[in-house]
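Q: Sharing a structure, written as C-alpha cells. Questions coming.
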Amino acid sequence: MLKNMITKVCKKYSIMRPRIVVGVPSGITEVEERAVQESVLQAGAREVYLIEEPMAAAIGANLDIAEPSGNIVVDIGGGTTEVAVISLGGVVVSTSLRVAGDELDEDIMNFVKKELNLSIGETTAEQIKMQIGCAMPLMTDMSMQIRGRDLTTGLPKNVTIYSSQVQKAMEESIGEIIEAVKQTLEKTPPELASDIMEKGIVLTGGGALIQNLDKLIGKATGMPVYIAEAPLDCVAIGAGKTIDDLEKLKNILINSRKR
C-alpha cells in the first residue's frame, strides 16, 4: 500500500524519493517506531519523520501549539483514540486508547446480531454509526433500513434500526473514551488546567462526527467542547503543514530516518 501511494505521489509531482511525515499513536514504543520507519523507507521514501497523531491533529485544527498555555485535543480515529494536552510545542500529558471508530463498528455489529438476529458487515455498521449514531438521545429517534443475513433462515432480510438502539450499542465504548479524557485532565498540571477550562476541548477524527458526542463529553467534564473544522482530515492536514515547514516544526517530531 505504501509503495503504491508513494509511486502515485512521485508520478504526480515529478519528484524522486519524497520526504514523508507519518502520524503515529502517542506512547509508541521504540520497536514500533523503527518498524514504521523501515516500512516507509523500504517503500521508497528518502526521509521519514514521525509525529504523534494528537500533535498533528492540533496543527491541522489550527491550534497554536507553540504558546505556553495549554490545549487539549481528543482525536478519535479508526484504531485508536488519542487524548493529549499540548503546550510549548510538546505533549505534556497523553492517553492512547485502543477504542475508537473500529471498536464502535464492532459494537454495532454485535448489537444487531444479538438484538435483531441479523448479521451485517463492517461497511453497514459504519454507515449506521455515521448516519444515525449518537452518544445522547436525539430530539427525534431517527431510523434506518438495513439489510443483512437472517441468522435463523440464512436468507437476506431488511430490518429497521433506531438511533436509540445505536446509542445503547456504543454506550460502553463511548464511556471508555470519556473516561480517558477525564483521566488525562486529572493528570494535567494545574497551571494548564485553567487554560483548558477556558479554551475547552477540541474534537478531531471521524468519531467527532457522532451526534451529541461533544455534548456528552462536555456534560462529563464540565468544559466547553468544540468540533474542529474538517475533523476527518485534521491529522493529514497537520502532517502536511509539518512537512511544508519542517525546519520550524522539526522539534515536535519524534525522530527521523534517512535512506
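By convention in this document, the chains of the C-alpha cells carry letters A, B, ... by their order, each chain's residues are numbered from 1, and ligands are numbered from 1 in the order they are shown.
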Please report, as CSV, each residue of range 100-139 of chain A lying at most 12 Å from range 211-226 of chain A, together with the nearest pair of atoms and the separation in Å rounded to one decimal; use only C-alpha atoms, and order rows by chain and ascending residue number.

A:
residue,atom,partner,partner_atom,distance
A:Ile128,CA,A:Gln211,CA,11.9
A:Lys129,CA,A:Gln211,CA,9.3
A:Met130,CA,A:Gln211,CA,8.4
A:Gln131,CA,A:Gln211,CA,9.0
A:Ile132,CA,A:Gln211,CA,7.8
A:Gly133,CA,A:Gln211,CA,6.4
A:Cys134,CA,A:Gln211,CA,4.5
A:Ala135,CA,A:Leu213,CA,5.0
A:Met136,CA,A:Asn212,CA,5.6
A:Pro137,CA,A:Asn212,CA,8.0
A:Leu138,CA,A:Asn212,CA,7.9
A:Met139,CA,A:Asn212,CA,10.7

Q: Given the selection you just returned, output its residues as a file containing N, CA, C and O atoms, formatted as a tab-separated table (two decimals), in the first residue's frame.

A:
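Result saved to result_16.tsv:
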chain	number	residue	atom	x	y	z
A	128	ILE	N	-24.34	2.91	9.60
A	128	ILE	CA	-25.29	3.11	10.70
A	128	ILE	C	-24.72	4.13	11.69
A	128	ILE	O	-25.42	5.07	12.11
A	129	LYS	N	-23.45	3.94	12.05
A	129	LYS	CA	-22.80	4.84	13.02
A	129	LYS	C	-22.82	6.29	12.54
A	129	LYS	O	-23.14	7.20	13.32
A	130	MET	N	-22.47	6.51	11.28
A	130	MET	CA	-22.34	7.87	10.77
A	130	MET	C	-23.70	8.50	10.46
A	130	MET	O	-23.86	9.71	10.56
A	131	GLN	N	-24.69	7.71	10.10
A	131	GLN	CA	-25.99	8.28	9.73
A	131	GLN	C	-26.91	8.51	10.92
A	131	GLN	O	-27.56	9.56	11.01
A	132	ILE	N	-26.99	7.55	11.83
A	132	ILE	CA	-27.94	7.72	12.94
A	132	ILE	C	-27.30	7.49	14.31
A	132	ILE	O	-27.99	7.51	15.32
A	133	GLY	N	-25.98	7.26	14.33
A	133	GLY	CA	-25.30	7.04	15.61
A	133	GLY	C	-25.34	8.28	16.48
A	133	GLY	O	-25.23	9.40	15.98
A	134	CYS	N	-25.47	8.10	17.77
A	134	CYS	CA	-25.50	9.24	18.70
A	134	CYS	C	-24.98	8.81	20.06
A	134	CYS	O	-25.05	7.63	20.42
A	135	ALA	N	-24.46	9.77	20.81
A	135	ALA	CA	-23.93	9.49	22.14
A	135	ALA	C	-24.93	9.83	23.23
A	135	ALA	O	-24.82	9.34	24.35
A	136	MET	N	-25.92	10.68	22.88
A	136	MET	CA	-27.01	11.04	23.79
A	136	MET	C	-28.30	11.01	22.98
A	136	MET	O	-28.26	11.14	21.75
A	137	PRO	N	-29.44	10.83	23.62
A	137	PRO	CA	-30.70	10.77	22.88
A	137	PRO	C	-30.92	12.00	22.00
A	137	PRO	O	-30.61	13.13	22.39
A	138	LEU	N	-31.45	11.77	20.79
A	138	LEU	CA	-31.76	12.86	19.87
A	138	LEU	C	-33.17	13.37	20.16
A	138	LEU	O	-33.97	12.70	20.81
A	139	MET	N	-33.46	14.56	19.65
A	139	MET	CA	-34.80	15.12	19.82
A	139	MET	C	-35.85	14.20	19.21
A	139	MET	O	-36.93	14.00	19.75

Q: Could the residues of range 89-108 of chain A that have an atom at most 9 Å from range 22-35 of chain A be listed as JSON lines, each with its closest atom pair and the distance in Å to one decimal, counting only C-alpha atoms and ordered by chain and ascending residue number?

A:
{"residue": "A:Val91", "atom": "CA", "partner": "A:Ser26", "partner_atom": "CA", "distance": 8.9}
{"residue": "A:Ser94", "atom": "CA", "partner": "A:Ser26", "partner_atom": "CA", "distance": 6.9}
{"residue": "A:Thr95", "atom": "CA", "partner": "A:Ser26", "partner_atom": "CA", "distance": 7.3}
{"residue": "A:Ser96", "atom": "CA", "partner": "A:Ser26", "partner_atom": "CA", "distance": 6.1}

Q: Extract, using only C-alpha atoms, all DNA, RNA and protein residues at most 7 Å from range 106-117 of chain A, discarding same-chain residues fewer than 4 positions from it, and format them as a ChimeraX atom specification.

A: /A:102,125,150-151,166,169-170

Q: Next, write the just-selected residues to a file, as a PDB file, in the first residue's frame, keeping C-alpha atoms as the atom set.

A:
ATOM      1  CA  ASP A 102     -13.474   0.361  14.504  1.00  0.00           C
ATOM      2  CA  ALA A 125     -22.098  -0.886  10.667  1.00  0.00           C
ATOM      3  CA  ASP A 150     -31.128 -13.543   8.947  1.00  0.00           C
ATOM      4  CA  LEU A 151     -29.370 -15.805  11.463  1.00  0.00           C
ATOM      5  CA  VAL A 166     -27.268   2.520  18.207  1.00  0.00           C
ATOM      6  CA  ALA A 169     -24.794  -0.390  21.343  1.00  0.00           C
ATOM      7  CA  MET A 170     -21.970   2.181  21.562  1.00  0.00           C
TER       8      MET A 170
END

Q: Fewer than 5 positions away in the same chain doesn't count, so skip those; otherwise give me all residues within 10 Å of range 237-239 of chain A, counting only C-alpha atoms, as a list in words.

A: Ile20, Val21, Val22, Gly23, Tyr49, Leu50, Ile51, Glu52, Glu53, Pro54, Met55, Ala56, Ala57, Ala58, Ile59, Gly60, Ala61, Asn62, Ala230, Pro231, Leu232, Asp244 and Leu246 of chain A

Q: Env of range 188-199 of chain A: 7 Å cut, atoms = only C-alpha atoms, seq-sep filter 6 positions within chain, self excluded. Answer as a PyMOL selection string.

A: chain A and resi 69-72+93+223

Q: Would you mind exporting the chosen residues as a short mmCIF file (atom, residue, chain, number, x, y, z; two decimals), in the first residue's frame, restricted to N, CA and C atoms?

A:
data_model
loop_
_atom_site.label_atom_id
_atom_site.label_comp_id
_atom_site.auth_asym_id
_atom_site.auth_seq_id
_atom_site.Cartn_x
_atom_site.Cartn_y
_atom_site.Cartn_z
N SER A 69 0.33 28.47 27.02
CA SER A 69 -0.93 27.99 27.61
C SER A 69 -1.28 26.62 27.03
N GLY A 70 -2.15 25.89 27.73
CA GLY A 70 -2.46 24.52 27.34
C GLY A 70 -3.63 24.40 26.39
N ASN A 71 -3.57 23.39 25.53
CA ASN A 71 -4.67 22.99 24.67
C ASN A 71 -4.87 21.49 24.84
N ILE A 72 -6.11 21.04 24.74
CA ILE A 72 -6.35 19.60 24.80
C ILE A 72 -7.08 19.15 23.53
N VAL A 93 0.79 15.77 28.62
CA VAL A 93 0.12 14.57 29.15
C VAL A 93 -0.65 13.94 27.99
N MET A 223 -16.72 21.14 30.74
CA MET A 223 -15.96 22.06 29.89
C MET A 223 -16.64 22.24 28.53
#

Q: Go through range 15-244 of chain A and collect every residue that DSSP, computed from the backbone, puts in alpha helix (DSSP H); the answer should be as JSON, numbers by chain.

A: {"A": [30, 31, 32, 33, 34, 35, 36, 37, 38, 39, 40, 41, 42, 53, 54, 55, 56, 57, 58, 59, 60, 101, 102, 103, 104, 105, 106, 107, 108, 109, 110, 111, 112, 113, 114, 115, 122, 123, 124, 125, 126, 127, 128, 129, 130, 131, 132, 163, 164, 165, 166, 167, 168, 169, 170, 171, 172, 173, 174, 175, 176, 177, 178, 179, 180, 181, 182, 183, 184, 185, 186, 190, 191, 192, 193, 194, 195, 196, 197, 198, 199, 213, 214, 215, 216, 217, 218, 219, 220, 221, 234, 235, 236, 237, 238, 239, 240, 241, 242, 243, 244]}

Q: Could you give me, as a PDB file with C-alpha atoms, in the first residue's frame, the residues within 10 Å of Arg98 in chain A, counting only C-alpha atoms and dropping anything in the same chain fewer than 6 positions from it?

A:
ATOM      1  CA  PRO A  25      -0.172   6.963  18.276  1.00  0.00           C
ATOM      2  CA  ILE A  76     -10.996   9.682  17.707  1.00  0.00           C
ATOM      3  CA  GLY A  77      -9.649   7.809  14.717  1.00  0.00           C
ATOM      4  CA  GLY A  78     -10.246   4.321  13.371  1.00  0.00           C
ATOM      5  CA  GLY A  79      -7.991   2.197  15.567  1.00  0.00           C
ATOM      6  CA  THR A  80      -7.136   4.475  18.492  1.00  0.00           C
ATOM      7  CA  THR A  81      -8.417   7.431  20.448  1.00  0.00           C
ATOM      8  CA  GLU A  82      -5.642   9.879  21.320  1.00  0.00           C
ATOM      9  CA  GLU A 176     -14.283   4.361  27.925  1.00  0.00           C
ATOM     10  CA  ILE A 177     -13.365   7.272  25.641  1.00  0.00           C
TER      11      ILE A 177
END

Q: What are the DSSP strand (DSSP E or B) residues of range 6-189 of chain A, as a PyMOL selection string?

A: chain A and resi 19-24+47-52+71-76+81-87+90-97+118-119+134+143-150+156-162

Q: Restricting the calculation to only C-alpha atoms, which member of A:Cys10, A:Ile252, A:Val99, A:Met1 is positioned closest to Ser173 in chain A?

A: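 So, comparing all the options, the nearest one is A:Val99.
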
Q: Under the rule that only C-alpha atoms are counted, which of A:Asn251, A:Gln37, A:Gln165, A:Thr204 is the nearest residue to Glu229 in chain A?

A: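 The shortest atom-to-atom distance to Glu229 in chain A comes from A:Thr204.
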
Q: I need the residue nearest Leu118 in chain A from this list: A:Glu247, A:Gly240, A:Leu155, A:Asp75. Use only C-alpha atoms for the distance.

A: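 Looking at the shortest contact to Leu118 in chain A, the residue is A:Leu155.
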
Q: Would you please work out which residue, of A:Ile86, A:Val74, A:Leu185, A:Leu209, is nearest to Val235 in chain A when using only C-alpha atoms?

A: A:Val74
